[in-house]
>>> print(open('query-v4.txt').read())   # compact mmCIF, C-alpha atoms
# COMPACT_ATOMS: atom_id res chain seq x y z
CA MET A 277 -17.41 -43.89 52.27
CA THR A 278 -16.73 -46.62 54.78
CA THR A 279 -16.12 -44.91 58.13
CA ASP A 280 -15.62 -46.07 61.69
CA SER A 281 -18.95 -44.85 63.01
CA LYS A 282 -18.29 -46.54 66.39
CA ARG A 283 -15.20 -44.44 67.09
CA LYS A 284 -15.43 -42.61 70.40
CA TYR A 285 -15.60 -38.85 70.29
CA ASP A 286 -15.87 -36.29 73.09
CA LEU A 287 -19.29 -35.29 71.82
CA TYR A 288 -20.17 -33.09 74.78
CA GLY A 289 -16.87 -31.25 74.51
CA ILE A 290 -17.34 -30.80 70.77
CA ALA A 291 -20.92 -29.57 71.23
CA GLY A 292 -19.62 -26.98 73.68
CA ASN A 293 -17.85 -25.23 70.84
CA PHE A 294 -21.14 -24.23 69.23
CA ARG A 295 -23.57 -21.47 70.18
CA LEU A 296 -26.27 -23.71 71.57
CA SER A 297 -29.31 -22.39 73.36
CA GLY A 298 -29.51 -24.55 76.46
CA LYS A 299 -27.27 -27.36 77.70
CA ALA A 300 -26.72 -30.68 75.95
CA ALA A 301 -28.53 -33.27 78.11
CA ALA A 302 -28.00 -36.29 75.85
CA ILE A 303 -26.14 -36.96 72.59
CA GLY A 304 -26.59 -40.09 70.51
CA PRO A 305 -26.22 -41.33 66.93
CA THR A 306 -29.04 -40.72 64.48
CA GLY A 307 -29.69 -41.00 60.74
CA GLU A 308 -28.83 -43.50 58.05
CA GLY A 309 -26.39 -41.56 55.87
CA HIS A 310 -23.65 -43.32 53.92
CA ILE A 311 -21.03 -40.61 54.36
CA ASN A 312 -21.02 -38.48 57.51
CA ASP A 313 -21.42 -39.43 61.20
CA THR A 314 -24.54 -37.78 62.62
CA PHE A 315 -25.63 -37.26 66.23
CA LEU A 316 -28.72 -35.76 67.87
CA ILE A 317 -28.17 -33.33 70.73
CA LYS A 318 -31.16 -33.23 73.06
CA THR A 319 -31.28 -30.26 75.40
CA GLY A 320 -34.02 -31.72 77.59
CA ASP A 321 -35.99 -28.48 77.71
CA GLU A 322 -38.95 -27.83 75.43
CA THR A 323 -38.14 -24.12 75.42
CA ASP A 324 -34.72 -24.80 73.91
CA PRO A 325 -34.17 -26.38 70.48
CA ASP A 326 -32.43 -29.69 69.92
CA TYR A 327 -29.54 -29.90 67.48
CA ILE A 328 -27.89 -32.07 64.86
CA LEU A 329 -24.14 -32.49 65.26
CA GLN A 330 -22.20 -33.95 62.32
CA ARG A 331 -18.66 -35.07 61.72
CA VAL A 332 -18.02 -34.24 58.08
CA ASN A 333 -16.16 -36.95 56.19
CA ASN A 334 -13.10 -35.09 54.95
CA THR A 335 -11.98 -38.08 52.87
CA VAL A 336 -15.05 -37.71 50.66
CA PHE A 337 -15.09 -33.90 50.98
CA ALA A 338 -11.50 -32.81 50.47
CA ASP A 339 -12.16 -29.11 51.19
CA VAL A 340 -14.54 -28.89 54.12
CA PRO A 341 -14.07 -25.10 54.55
CA GLY A 342 -15.13 -24.66 50.90
CA LEU A 343 -18.13 -26.93 51.45
CA MET A 344 -19.17 -25.01 54.54
CA GLU A 345 -18.82 -21.68 52.74
CA ASN A 346 -21.25 -23.01 50.11
CA MET A 347 -23.65 -24.09 52.81
CA ALA A 348 -23.46 -20.81 54.72
CA ARG A 349 -24.09 -18.81 51.53
CA VAL A 350 -27.10 -20.90 50.56
CA VAL A 351 -28.65 -20.96 54.04
CA ARG A 352 -28.21 -17.18 54.48
CA HIS A 353 -29.82 -16.54 51.10
CA ILE A 354 -32.82 -18.77 51.72
CA LEU A 355 -33.45 -17.41 55.21
CA ILE A 356 -33.83 -13.87 53.90
CA LYS A 357 -35.82 -14.86 50.82
CA PRO A 358 -39.44 -13.63 50.94
CA GLY A 359 -42.11 -16.17 50.18
CA VAL A 360 -45.24 -15.63 48.12
CA ASP A 361 -46.95 -14.26 51.23
CA GLY A 362 -44.11 -11.80 51.85
CA GLU A 363 -42.87 -13.62 54.95
CA LEU A 364 -39.30 -14.86 55.17
CA GLN A 365 -38.57 -18.51 54.37
CA GLN A 366 -37.73 -19.39 57.97
CA GLU A 367 -38.65 -23.06 57.60
CA LYS A 368 -37.24 -23.69 54.10
CA THR A 369 -33.78 -24.75 55.27
CA ALA A 370 -32.03 -26.13 58.32
CA ARG A 371 -30.50 -23.29 60.36
CA LEU A 372 -26.72 -23.51 60.60
CA ILE A 373 -25.35 -22.97 64.13
CA TYR A 374 -22.03 -21.15 64.27
CA THR A 375 -19.19 -21.79 66.71
CA VAL A 376 -18.53 -19.54 69.67
CA GLU A 377 -15.77 -18.00 67.54
CA GLY A 378 -18.21 -17.28 64.71
CA ASN A 379 -17.14 -20.02 62.30
CA SER A 380 -19.41 -22.35 60.32
CA PHE A 381 -17.46 -25.44 61.47
CA TYR A 382 -15.25 -26.64 64.31
CA LEU A 383 -11.92 -28.43 63.72
CA ASP A 384 -10.97 -30.71 66.62
CA GLU A 385 -7.46 -31.71 67.71
CA GLN A 386 -7.62 -34.94 65.68
CA GLY A 387 -8.36 -33.05 62.48
CA ASN A 388 -12.08 -33.88 62.40
CA TYR A 389 -14.46 -31.28 61.02
CA TRP A 390 -17.74 -30.75 62.88
CA ARG A 391 -20.83 -28.69 62.14
CA CYS A 392 -24.15 -28.12 63.87
CA PHE A 393 -27.73 -27.41 62.80
CA GLU A 394 -30.90 -26.61 64.67
CA TYR A 395 -33.06 -29.74 64.73
CA CYS A 396 -36.68 -29.43 63.73
CA ARG A 397 -38.43 -31.37 66.49
CA ASN A 398 -41.75 -31.70 64.72
CA SER A 399 -40.32 -32.98 61.46
CA TYR A 400 -40.47 -36.39 59.84
CA HIS A 401 -38.95 -38.08 56.83
CA HIS A 402 -39.96 -41.66 57.52
CA PHE A 403 -43.59 -42.58 56.79
CA LYS A 404 -44.86 -46.12 56.45
CA ASP A 405 -46.41 -45.24 53.10
CA VAL A 406 -45.77 -42.19 50.95
CA SER A 407 -49.03 -40.48 50.15
CA VAL A 408 -49.97 -38.55 47.03
CA LYS A 409 -49.89 -35.37 49.12
CA ARG A 410 -46.37 -36.04 50.37
CA ALA A 411 -45.15 -36.74 46.83
CA TYR A 412 -46.68 -33.48 45.60
CA GLU A 413 -45.25 -31.51 48.51
CA GLY A 414 -41.81 -33.02 47.96
CA GLY A 415 -41.84 -32.07 44.31
CA LYS A 416 -43.00 -28.55 45.02
CA ILE A 417 -40.40 -27.81 47.69
CA LEU A 418 -37.67 -29.06 45.38
CA GLY A 419 -38.87 -26.68 42.67
CA ASP A 420 -39.12 -23.88 45.24
CA PHE A 421 -35.58 -24.63 46.48
CA GLN A 422 -34.11 -24.31 42.99
CA ALA A 423 -36.14 -21.18 42.27
CA MET A 424 -34.95 -19.48 45.47
CA LEU A 425 -31.32 -20.00 44.46
CA LEU A 426 -31.65 -18.56 40.95
CA ASP A 427 -30.38 -15.19 42.19
CA LEU A 428 -27.79 -16.43 44.72
CA PRO A 429 -25.24 -13.59 44.87
CA GLY A 430 -21.51 -14.06 44.52
CA GLY A 431 -19.47 -16.26 42.23
CA PRO A 432 -19.97 -19.94 41.41
CA LEU A 433 -20.21 -22.31 44.35
CA TYR A 434 -17.23 -24.46 45.24
CA GLU A 435 -17.36 -27.92 43.64
CA THR A 436 -17.51 -30.04 46.79
CA ILE A 437 -17.16 -33.36 44.94
CA PRO A 438 -15.57 -32.81 41.53
CA ASP A 439 -17.46 -34.50 38.69
CA PHE A 440 -20.11 -35.77 41.11
CA HIS A 441 -22.70 -36.43 38.39
CA HIS A 442 -20.29 -36.40 35.45
CA LEU A 443 -21.19 -39.72 33.90
CA ALA A 444 -18.23 -39.86 31.52
CA VAL A 445 -15.90 -39.66 34.52
CA ARG A 446 -17.91 -42.26 36.45
CA LEU A 447 -17.82 -44.63 33.48
CA HIS A 448 -14.07 -44.11 33.11
CA SER A 449 -13.62 -45.23 36.73
CA PHE A 450 -15.98 -48.13 36.07
CA ASP A 451 -13.95 -49.23 33.03
CA ILE A 452 -10.69 -49.13 34.96
CA THR A 453 -12.26 -51.15 37.77
CA VAL A 454 -13.64 -53.76 35.37
CA GLU A 455 -10.14 -54.11 33.96
CA ASN A 456 -8.24 -54.12 37.25
CA GLY A 457 -10.76 -54.96 39.99
CA LEU A 458 -11.36 -58.13 41.97
CA GLN A 459 -11.67 -60.88 39.38
CA GLN A 460 -14.01 -63.07 41.42
CA ARG A 461 -16.41 -60.17 41.82
CA ILE A 462 -16.10 -59.23 38.16
CA ASP A 463 -17.13 -62.78 37.23
CA ILE A 464 -20.08 -62.73 39.66
CA ALA A 465 -21.30 -59.37 38.29
CA ALA A 466 -20.90 -60.20 34.57
CA GLY A 467 -24.62 -59.75 33.92
CA GLU A 468 -24.73 -56.37 35.66
CA ILE A 469 -21.66 -55.19 33.74
CA GLU A 470 -23.44 -56.06 30.51
CA GLU A 471 -26.52 -54.06 31.55
CA ILE A 472 -24.32 -50.99 32.09
CA GLU A 473 -22.75 -51.42 28.67
CA LEU A 474 -26.11 -51.73 26.91
CA ARG A 475 -27.13 -48.23 28.00
CA ARG A 476 -23.77 -46.45 27.83
CA GLU A 477 -24.32 -44.52 24.57
CA GLU A 478 -27.84 -43.33 25.48
CA MET A 479 -26.83 -42.09 28.91
CA LEU A 480 -23.65 -40.39 27.72
CA ALA A 481 -25.75 -38.41 25.24
CA VAL A 482 -27.72 -36.87 28.15
CA ASP A 483 -24.47 -36.29 30.04
CA THR A 484 -23.07 -34.36 27.08
CA LEU A 485 -26.10 -32.05 26.94
CA ALA A 486 -25.59 -31.18 30.60
CA ARG A 487 -21.89 -30.51 30.07
CA ASN A 488 -21.87 -28.50 26.85
CA GLY A 489 -24.36 -25.85 27.95
CA THR A 490 -27.37 -27.14 26.01
CA ILE A 491 -29.07 -27.86 29.34
CA PRO A 492 -28.57 -24.77 31.59
CA TRP A 493 -26.22 -24.94 34.56
CA ARG A 494 -27.85 -23.71 37.79
CA VAL A 495 -27.44 -23.93 41.57
CA THR A 496 -28.82 -27.35 42.49
CA HIS A 497 -28.88 -29.65 45.50
CA ASN A 498 -27.39 -32.68 43.70
CA ASP A 499 -28.31 -35.27 46.36
CA THR A 500 -32.10 -35.18 46.55
CA LYS A 501 -32.82 -38.59 48.04
CA PHE A 502 -36.42 -38.26 49.14
CA ASN A 503 -35.49 -38.69 52.81
CA ASN A 504 -33.56 -35.42 52.53
CA ILE A 505 -36.93 -33.66 52.55
CA LEU A 506 -38.48 -33.05 55.97
CA PHE A 507 -42.25 -32.94 56.50
CA ASP A 508 -44.56 -32.06 59.36
CA LYS A 509 -47.04 -34.55 60.78
CA HIS A 510 -49.64 -33.43 58.25
CA GLU A 511 -47.17 -34.25 55.41
CA ASN A 512 -46.56 -30.63 54.47
CA ALA A 513 -42.96 -30.19 53.25
CA LEU A 514 -40.82 -28.14 55.64
CA CYS A 515 -37.33 -28.02 54.20
CA ILE A 516 -34.59 -29.80 52.26
CA ILE A 517 -31.57 -30.92 54.29
CA ASP A 518 -28.10 -32.39 53.63
CA LEU A 519 -26.62 -29.49 51.67
CA ASP A 520 -23.12 -30.97 51.29
CA THR A 521 -23.42 -31.20 47.52
CA VAL A 522 -25.20 -27.92 46.79
CA MET A 523 -23.23 -26.56 43.86
CA ASN A 524 -23.67 -25.77 40.20
CA GLY A 525 -25.43 -28.48 38.20
CA ALA A 526 -28.41 -29.38 36.05
CA VAL A 527 -31.96 -29.44 37.44
CA LEU A 528 -32.15 -32.95 35.96
CA TYR A 529 -29.89 -34.24 38.71
CA ASP A 530 -32.32 -33.15 41.43
CA PHE A 531 -35.53 -34.20 39.69
CA GLY A 532 -34.13 -37.59 38.68
CA ASP A 533 -32.56 -38.48 42.01
CA ALA A 534 -35.66 -37.56 44.00
CA LEU A 535 -37.79 -39.82 41.83
CA ARG A 536 -35.19 -42.58 41.82
CA THR A 537 -35.65 -42.84 45.58
CA LEU A 538 -39.32 -41.86 45.89
CA GLY A 539 -40.47 -44.09 43.04
CA ASN A 540 -38.72 -47.28 44.10
CA THR A 541 -41.26 -49.62 45.66
CA ALA A 542 -38.44 -51.33 47.59
CA ALA A 543 -35.54 -50.13 49.71
CA GLU A 544 -32.49 -49.11 47.70
CA ASP A 545 -30.51 -52.13 48.91
CA ASP A 546 -33.33 -54.70 48.95
CA PRO A 547 -31.85 -57.92 47.48
CA ASN A 548 -35.34 -59.23 46.64
CA LEU A 549 -35.73 -57.81 43.15
CA SER A 550 -39.33 -58.96 42.89
CA ARG A 551 -40.18 -56.08 45.20
CA VAL A 552 -38.52 -53.46 42.97
CA ASP A 553 -40.77 -51.45 40.67
CA PHE A 554 -41.26 -47.79 39.72
CA ASN A 555 -44.38 -46.31 41.30
CA MET A 556 -46.21 -44.17 38.74
CA ALA A 557 -48.85 -43.28 41.32
CA LEU A 558 -46.19 -41.14 43.04
CA PHE A 559 -44.50 -39.88 39.89
CA GLU A 560 -47.55 -37.94 38.79
CA PRO A 561 -48.08 -35.82 41.94
CA PHE A 562 -44.33 -35.26 42.37
CA ALA A 563 -44.00 -34.03 38.78
CA ARG A 564 -47.05 -31.79 39.21
CA GLY A 565 -45.63 -30.29 42.39
CA TYR A 566 -42.18 -29.80 40.91
CA LEU A 567 -43.51 -27.98 37.86
CA LYS A 568 -45.63 -25.83 40.17
CA GLY A 569 -42.48 -24.75 42.04
CA ALA A 570 -39.99 -24.60 39.17
CA GLY A 571 -42.15 -24.24 36.09
CA GLY A 572 -41.67 -20.51 35.90
CA PHE A 573 -37.95 -20.70 35.15
CA LEU A 574 -37.47 -24.03 33.39
CA THR A 575 -36.51 -23.88 29.72
CA PRO A 576 -38.13 -26.16 27.10
CA ILE A 577 -34.97 -28.30 26.92
CA GLU A 578 -35.02 -28.84 30.69
CA ILE A 579 -38.67 -29.90 30.61
CA LYS A 580 -37.99 -32.16 27.64
CA TYR A 581 -35.35 -34.12 29.55
CA LEU A 582 -37.05 -34.40 32.95
CA ALA A 583 -38.25 -37.93 32.23
CA HIS A 584 -34.80 -38.86 30.89
CA SER A 585 -33.33 -37.65 34.18
CA VAL A 586 -34.99 -40.47 36.12
CA LYS A 587 -33.28 -43.00 33.88
CA PHE A 588 -30.01 -41.06 34.01
CA MET A 589 -29.79 -40.81 37.80
CA THR A 590 -30.81 -44.43 38.32
CA TYR A 591 -28.18 -45.51 35.80
CA ILE A 592 -25.41 -43.42 37.35
CA MET A 593 -26.16 -44.86 40.80
CA ALA A 594 -26.05 -48.39 39.38
CA VAL A 595 -22.64 -47.55 37.90
CA ARG A 596 -21.39 -46.15 41.22
CA PHE A 597 -22.62 -49.06 43.34
CA LEU A 598 -21.28 -51.63 40.89
CA THR A 599 -17.91 -49.88 40.62
CA ASP A 600 -17.57 -49.90 44.40
CA TYR A 601 -18.45 -53.58 44.61
CA LEU A 602 -15.91 -54.53 41.94
CA ALA A 603 -13.23 -52.41 43.64
CA GLY A 604 -13.76 -54.05 47.05
CA ASP A 605 -16.24 -51.70 48.78
CA LEU A 606 -14.00 -48.67 49.21
CA TYR A 607 -16.61 -45.89 49.26
CA TYR A 608 -20.07 -46.79 50.62
CA LYS A 609 -20.74 -48.15 54.06
CA ILE A 610 -21.73 -51.82 53.86
CA SER A 611 -23.29 -54.29 56.29
CA ARG A 612 -22.77 -57.49 54.27
CA PRO A 613 -20.24 -58.72 51.68
CA ALA A 614 -22.51 -58.30 48.64
CA HIS A 615 -24.22 -55.13 49.85
CA ASN A 616 -23.03 -52.95 46.96
CA LEU A 617 -23.86 -55.65 44.43
CA ASP A 618 -27.38 -55.83 45.85
CA ARG A 619 -27.63 -52.05 45.49
CA ALA A 620 -26.45 -52.18 41.87
CA ARG A 621 -28.86 -54.99 40.97
CA ASN A 622 -31.67 -53.11 42.67
CA GLN A 623 -30.97 -49.96 40.64
CA ILE A 624 -30.71 -51.88 37.38
CA ARG A 625 -34.06 -53.52 38.05
CA LEU A 626 -35.55 -50.11 38.87
CA LEU A 627 -34.06 -48.67 35.67
CA LYS A 628 -35.78 -51.35 33.60
CA SER A 629 -39.09 -50.48 35.23
CA VAL A 630 -38.54 -46.77 34.47
CA GLU A 631 -37.77 -47.66 30.86
CA ASP A 632 -41.02 -49.62 30.60
CA LYS A 633 -43.00 -46.60 31.85
CA PHE A 634 -40.99 -43.90 30.13
CA ASP A 635 -43.60 -42.97 27.49
CA GLN A 636 -46.24 -42.59 30.18
CA MET A 637 -43.92 -40.36 32.19
CA GLU A 638 -43.33 -38.12 29.19
CA ARG A 639 -47.06 -37.76 28.55
CA ILE A 640 -47.66 -36.74 32.17
CA LEU A 641 -44.90 -34.12 32.05
CA GLN A 642 -46.18 -32.71 28.77
CA ARG A 643 -49.66 -32.36 30.24
CA PHE A 644 -48.49 -30.56 33.38
CA SER A 645 -46.01 -28.31 31.61
CA ALA A 646 -48.63 -27.29 29.07
CA GLY A 647 -51.06 -26.41 31.84
>>> encode(input="query-v4.txt", output="structure tokens")
Amino acid sequence: MTTDSKRKYDLYGIAGNFRLSGKAAAIGPTGEGHINDTFLIKTGDETDPDYILQRVNNTVFADVPGLMENMARVVRHILIKPGVDGELQQEKTARLIYTVEGNSFYLDEQGNYWRCFEYCRNSYHHFKDVSVKRAYEGGKILGDFQAMLLDLPGGPLYETIPDFHHLAVRLHSFDITVENGLQQRIDIAAGEIEEIELRREEMLAVDTLARNGTIPWRVTHNDTKFNNILFDKHENALCIIDLDTVMNGAVLYDFGDALRTLGNTAAEDDPNLSRVDFNMALFEPFARGYLKGAGGFLTPIEIKYLAHSVKFMTYIMAVRFLTDYLAGDLYYKISRPAHNLDRARNQIRLLKSVEDKFDQMERILQRFSAG
């Protein structure tokens, strides 16, 4: 969602509403997210933790209290979950910091919703090159994350973004935009529109399986861009962050989106399509790690469609980026006029690479799942 990230906030005053250990010495913007505004609170004392302070975009997330209740439930459950060694999973999720009044969020006088997490000082998500080890670790922690939430108590989680990965709904919005959007942009993107149409029937078939109960519905992250996984300096996975979209979904959404971002040899918005390819050297260790973490609960139908999920999630992101471009850039933050078109073209090029390597991906998954 396009937001005014340069708007001035009383960040120190806002931070004072949370139960911080130590005093905020410096607060500045951090992160590259498309949706929320994120700031790093540095306490200036090595004995005290630093913190992440976020303004939650309540245009994208219409019910922030519901979202935060989801997050609090998931974080509480993971923090008390014993690991294979019997110790609690203290580093498997970002710790939520409550307000001085005991709430999971703070609502300021302007109607902005704020939340706070403990920052892991010795964590990284940006590496110059992703190693085989990092890919494996990322896959395994994703499988572990899903496995830990299999027995989440209570009722279904609140749907923070209705129909987030519901392709039929996304394509309906796309069709309306093609019919009523900016004509000049529609003409420019005629080739990309055709690419979406060519794959519509195939992708909707996978969507139907996830909606009619054929593919089980579980608690999933739903936004597993690979930079939402934090690692230590030795590339061991620490935790998965950005839990805004944790809700009920198909494991395919998480597996596919992680590989959509991990496997792209270029940045998601790189306009130079010659740099875009799907990296099979990273697919193999990620798949091996994921099946190590999640293999114990996955059903045969879930395993069967794991490779399809990479196509599915890349396709749905191409649809979303292209829809936003045709509508006039109403959702994603942009830094240039054709930014969303570049993103859509990038994803379509990546999708073609995935299609070329699809048989190889299926063989790899069959080998690991059989073992």
>>> residues_around(input="query-v4.txt", residues="A:Ser645", least_positions_apart="3", cutoff="8 Å", atoms="only C-alpha atoms", output="VMD selection string")
chain A and resid 567 571 579 641 to 642
>>> residues_near_point(input="query-v4.txt", point="(-15.9, -24.9, 48.5)", cutoff="10 Å", atoms="all atoms listed in the file", output="VMD selection string")
chain A and resid 337 to 347 432 to 437 520 to 523
>>> residues_around(input="query-v4.txt", residues="stretch 286-297 of chain A", least_positions_apart="3", cutoff="6 Å", atoms="all atoms listed in the file", output="ChimeraX atom specification")
/A:324,374-376
>>> closest_residue(input="query-v4.txt", among="A:Gln422, A:Ser399, A:Ser449, A:Asn488", to="A:Ala370", atoms="all atoms listed in the file")
A:Ser399
>>> closest_residue(input="query-v4.txt", among="A:Phe502, A:Ser585, A:Ile356, A:Arg349", to="A:Leu372", atoms="all atoms listed in the file")
A:Arg349
>>> residues_around(input="query-v4.txt", residues="A:Gly604", least_positions_apart="5", cutoff="9 Å", atoms="only C-alpha atoms", output="MDAnalysis selection string")
chainID A and resid 457:458 461 599
>>> closest_residue(input="query-v4.txt", among="A:Lys409, A:Arg625, A:Arg619, A:Arg352", to="A:Ala513", atoms="all atoms listed in the file")
A:Lys409
>>> closest_residue(input="query-v4.txt", among="A:Phe381, A:Tyr327, A:Tyr412, A:Phe644", to="A:Glu394", atoms="all atoms listed in the file")
A:Tyr327
>>> atom_distance(input="query-v4.txt", atom1="atom CA of A:Lys609", atom2="atom CA of A:Ala348")
27.5 Å
>>> atom_distance(input="query-v4.txt", atom1="atom CA of A:Asn504", atom2="atom CA of A:Pro492")
24.0 Å
>>> atom_distance(input="query-v4.txt", atom1="atom CA of A:Glu631", atom2="atom CA of A:Arg475")
11.0 Å
>>> closest_residue(input="query-v4.txt", among="A:Leu617, A:Lys284, A:Arg639, A:Ile311", to="A:Ile464", atoms="only C-alpha atoms")
A:Leu617
>>> residues_around(input="query-v4.txt", residues="A:Leu474", least_positions_apart="6", cutoff="12 Å", atoms="all atoms listed in the file", output="PyMOL selection string")
chain A and resi 467-468+480+591+624+628
>>> write_last_selection(input="query-v4.txt", atoms="C-alpha atoms", output="PDB file, in the coordinates of the input")
ATOM      1  CA  GLY A 467     -24.620 -59.750  33.920  1.00  0.00           C
ATOM      2  CA  GLU A 468     -24.730 -56.370  35.660  1.00  0.00           C
ATOM      3  CA  LEU A 480     -23.650 -40.390  27.720  1.00  0.00           C
ATOM      4  CA  TYR A 591     -28.180 -45.510  35.800  1.00  0.00           C
ATOM      5  CA  ILE A 624     -30.710 -51.880  37.380  1.00  0.00           C
ATOM      6  CA  LYS A 628     -35.780 -51.350  33.600  1.00  0.00           C
TER       7      LYS A 628
END
>>> residues_near_point(input="query-v4.txt", point="(-29.3, -26.3, 54.1)", cutoff="6 Å", atoms="all atoms listed in the file", output="list in words")
Val351, Thr369, Ala370, Ile517 and Leu519 of chain A
>>> closest_residue(input="query-v4.txt", among="A:Cys515, A:Leu549, A:Leu606, A:Leu316", to="A:Tyr395", atoms="only C-alpha atoms")
A:Leu316
>>> residues_around(input="query-v4.txt", residues="stretch 561-563 of chain A", least_positions_apart="2", cutoff="6 Å", atoms="only C-alpha atoms", output="list of chain:residue names")
A:Ala411, A:Tyr412, A:Gly415, A:Leu558, A:Phe559, A:Gly565, A:Tyr566
>>> write_last_selection(input="query-v4.txt", atoms="C-alpha atoms", output="PDB file, in the frame of the given file")
ATOM      1  CA  ALA A 411     -45.150 -36.740  46.830  1.00  0.00           C
ATOM      2  CA  TYR A 412     -46.680 -33.480  45.600  1.00  0.00           C
ATOM      3  CA  GLY A 415     -41.840 -32.070  44.310  1.00  0.00           C
ATOM      4  CA  LEU A 558     -46.190 -41.140  43.040  1.00  0.00           C
ATOM      5  CA  PHE A 559     -44.500 -39.880  39.890  1.00  0.00           C
ATOM      6  CA  GLY A 565     -45.630 -30.290  42.390  1.00  0.00           C
ATOM      7  CA  TYR A 566     -42.180 -29.800  40.910  1.00  0.00           C
TER       8      TYR A 566
END
